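Chemist: Sharing final.pdb, PDB, C-alpha atoms:
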ATOM      1  CA  MET Z1369      33.983-204.179 -89.754
ATOM      2  CA  SER Z1370      36.520-206.958 -89.282
ATOM      3  CA  ALA Z1371      38.846-206.864 -86.286
ATOM      4  CA  ILE Z1372      41.555-208.520 -88.385
ATOM      5  CA  PRO Z1373      44.037-205.959 -89.752
ATOM      6  CA  SER Z1374      43.840-205.630 -93.527
ATOM      7  CA  SER Z1375      47.571-206.364 -93.858
ATOM      8  CA  LEU Z1376      47.047-209.738 -92.182
ATOM      9  CA  GLN Z1377      44.100-210.438 -94.488
ATOM     10  CA  GLN Z1378      46.286-209.546 -97.481
ATOM     11  CA  LEU Z1379      49.039-211.844 -96.241
ATOM     12  CA  VAL Z1380      46.704-214.808 -95.784
ATOM     13  CA  GLY Z1381      45.013-214.214 -99.134
ATOM     14  CA  ARG Z1382      48.281-213.992-100.972
ATOM     15  CA  ALA Z1383      49.664-217.070 -99.235
ATOM     16  CA  LEU Z1384      46.589-219.023-100.300
ATOM     17  CA  ILE Z1385      46.745-218.161-103.988
ATOM     18  CA  ASP Z1386      50.435-217.404-104.721
ATOM     19  CA  ALA Z1387      52.495-220.604-104.615
ATOM     20  CA  GLU Z1388      55.896-218.889-104.869
ATOM     21  CA  PHE Z1389      55.047-216.458-102.071
ATOM     22  CA  ARG Z1390      53.775-219.356 -99.949
ATOM     23  CA  LYS Z1391      57.039-221.290-100.481
ATOM     24  CA  ALA Z1392      59.063-218.234 -99.496
ATOM     25  CA  LEU Z1393      56.908-217.688 -96.424
ATOM     26  CA  VAL Z1394      57.348-221.302 -95.323
ATOM     27  CA  SER Z1395      61.117-221.268 -95.855
ATOM     28  CA  ASP Z1396      61.778-217.853 -94.267
ATOM     29  CA  ALA Z1397      58.717-216.157 -92.793
ATOM     30  CA  ARG Z1398      60.528-213.194 -91.211
ATOM     31  CA  GLY Z1399      62.655-212.474 -94.261
ATOM     32  CA  THR Z1400      59.734-212.807 -96.649
ATOM     33  CA  LEU Z1401      57.505-210.551 -94.574
ATOM     34  CA  SER Z1402      60.240-207.920 -94.456
ATOM     35  CA  ARG Z1403      61.060-208.133 -98.193
ATOM     36  CA  GLU Z1404      57.394-207.898 -99.119
ATOM     37  CA  GLY Z1405      56.765-204.879 -96.893
ATOM     38  CA  PHE Z1406      54.577-206.539 -94.259
ATOM     39  CA  ALA Z1407      55.050-204.972 -90.818
ATOM     40  CA  PHE Z1408      53.719-206.943 -87.860
ATOM     41  CA  ASP Z1409      54.612-206.974 -84.176
ATOM     42  CA  ASP Z1410      56.837-209.778 -82.879
ATOM     43  CA  ALA Z1411      53.922-211.777 -81.480
ATOM     44  CA  THR Z1412      52.179-211.802 -84.867
ATOM     45  CA  VAL Z1413      55.377-212.742 -86.713
ATOM     46  CA  SER Z1414      55.946-215.570 -84.234
ATOM     47  CA  ALA Z1415      52.390-216.799 -84.830
ATOM     48  CA  ILE Z1416      52.949-216.689 -88.598
ATOM     49  CA  GLU Z1417      56.185-218.636 -88.194
ATOM     50  CA  ALA Z1418      54.404-221.247 -86.086
ATOM     51  CA  ALA Z1419      51.571-221.533 -88.610
ATOM     52  CA  THR Z1420      53.981-222.077 -91.502
ATOM     53  CA  ARG Z1421      56.306-224.589 -89.814
ATOM     54  CA  ASP Z1422      54.695-227.555 -91.550
ATOM     55  CA  PRO Z1423      55.032-226.958 -95.317
ATOM     56  CA  GLU Z1424      52.870-229.978 -96.196
ATOM     57  CA  ARG Z1425      50.023-228.725 -94.024
ATOM     58  CA  VAL Z1426      50.255-225.269 -95.601
ATOM     59  CA  ARG Z1427      50.334-226.751 -99.107
ATOM     60  CA  SER Z1428      47.425-229.096 -98.523
ATOM     61  CA  PHE Z1429      45.318-226.281 -97.063
ATOM     62  CA  SER Z1430      46.103-224.080-100.050
ATOM     63  CA  ASP Z1431      45.298-226.907-102.482
ATOM     64  CA  ALA Z1432      41.947-227.483-100.776
ATOM     65  CA  PHE Z1433      41.183-223.750-100.873
ATOM     66  CA  SER Z1434      42.111-223.541-104.550
ATOM     67  CA  ALA Z1435      39.979-226.533-105.465
ATOM     68  CA  GLN Z1436      37.003-225.226-103.538
ATOM     69  CA  PHE Z1437      37.022-221.538-104.437
ATOM     70  CA  LEU Z1438      39.497-220.636-107.163
ATOM     71  CA  GLY Z1439      38.263-223.461-109.345
ATOM     72  CA  ARG Z1440      34.840-221.824-109.370
ATOM     73  CA  GLY Z1441      36.338-218.428-110.171
ATOM     74  CA  GLU Z1442      34.984-216.813-107.009
ATOM     75  CA  TYR Z1443      38.213-214.968-106.238
ATOM     76  CA  LEU Z1444      39.221-213.990-109.749
ATOM     77  CA  ALA Z1445      39.168-210.302-110.528
TER      78      ALA Z1445
END
Can the structure from this file be put into structure tokens for me?
Modeler:
Amino acid sequence: MSAIPSSLQQLVGRALIDAEFRKALVSDARGTLSREGFAFDDATVSAIEAATRDPERVRSFSDAFSAQFLGRGEYLA
């Protein structure tokens, strides 16, 4: 079993495939997490804020992920 909490996995997955959510997360991580019902401790929220500080880096990572996996339909339900 993964040591990563499922809520963190859900957050990362959604940020990778949902462009509007990703934009909201980059512009206001704390507010977006709260509005969307994600509950993390302060250290985790601070780490998320640090990881989303560079919108271009987040976007380019998501684009690469989408091209590699979503384009093949591997994550489509």
Chemist: Record the distance separating CA of Ala1411 (chain Z) and CA of Asp1431 (chain Z), expressed in Å with one decimal.
Modeler: 27.3 Å
Chemist: Which residues, written as a list in words, have at least one atom at most 10 Å from Arg1421 (chain Z), with only C-alpha atoms counted and residues fewer than 5 positions away on the same chain left out?
Modeler: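 Everything that qualifies: Leu1393, Val1394, Ser1395, Asp1396, Ala1397, Ile1416 and Val1426 of chain Z.
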Chemist: Between CA of Ala1432 (chain Z) and CA of Leu1379 (chain Z), measure the distance and give it in Å to one decimal.
Modeler: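 Atom-to-atom, CA of Ala1432 (chain Z) to CA of Leu1379 (chain Z), that is 17.8 Å.
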Chemist: Quick one: everything within 8 Å of region 1380-1386 of chain Z, counting all atoms listed in the file, minus sequence neighbours fewer than 3 positions away in the same chain. Send it as a PDB file with C-alpha atoms, keeping the file's coordinate frame.
Modeler:
ATOM      1  CA  LEU Z1376      47.047-209.738 -92.182  1.00  0.00           C
ATOM      2  CA  GLN Z1377      44.100-210.438 -94.488  1.00  0.00           C
ATOM      3  CA  PHE Z1389      55.047-216.458-102.071  1.00  0.00           C
ATOM      4  CA  ARG Z1390      53.775-219.356 -99.949  1.00  0.00           C
ATOM      5  CA  LEU Z1393      56.908-217.688 -96.424  1.00  0.00           C
ATOM      6  CA  SER Z1430      46.103-224.080-100.050  1.00  0.00           C
ATOM      7  CA  PHE Z1433      41.183-223.750-100.873  1.00  0.00           C
ATOM      8  CA  SER Z1434      42.111-223.541-104.550  1.00  0.00           C
TER       9      SER Z1434
END
Chemist: If I take CA of Thr1412 (chain Z) and CA of Gln1436 (chain Z), how far is one from the other in Å, to one decimal?
Modeler: 27.6 Å
Chemist: Neighbours of Phe1406 (chain Z) within 10 Å (all atoms listed in the file; same-chain residues fewer than 5 positions away dropped), as an mmCIF file with C-alpha atoms, in the frame of the given file?
Modeler:
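So selection-v9.cif came out as:
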data_model
loop_
_atom_site.group_PDB
_atom_site.id
_atom_site.type_symbol
_atom_site.label_atom_id
_atom_site.label_comp_id
_atom_site.auth_asym_id
_atom_site.auth_seq_id
_atom_site.Cartn_x
_atom_site.Cartn_y
_atom_site.Cartn_z
ATOM 1 C CA SER Z 1375 47.571 -206.364 -93.858
ATOM 2 C CA LEU Z 1376 47.047 -209.738 -92.182
ATOM 3 C CA GLN Z 1378 46.286 -209.546 -97.481
ATOM 4 C CA LEU Z 1379 49.039 -211.844 -96.241
ATOM 5 C CA ARG Z 1398 60.528 -213.194 -91.211
ATOM 6 C CA THR Z 1400 59.734 -212.807 -96.649
ATOM 7 C CA LEU Z 1401 57.505 -210.551 -94.574
ATOM 8 C CA VAL Z 1413 55.377 -212.742 -86.713
#
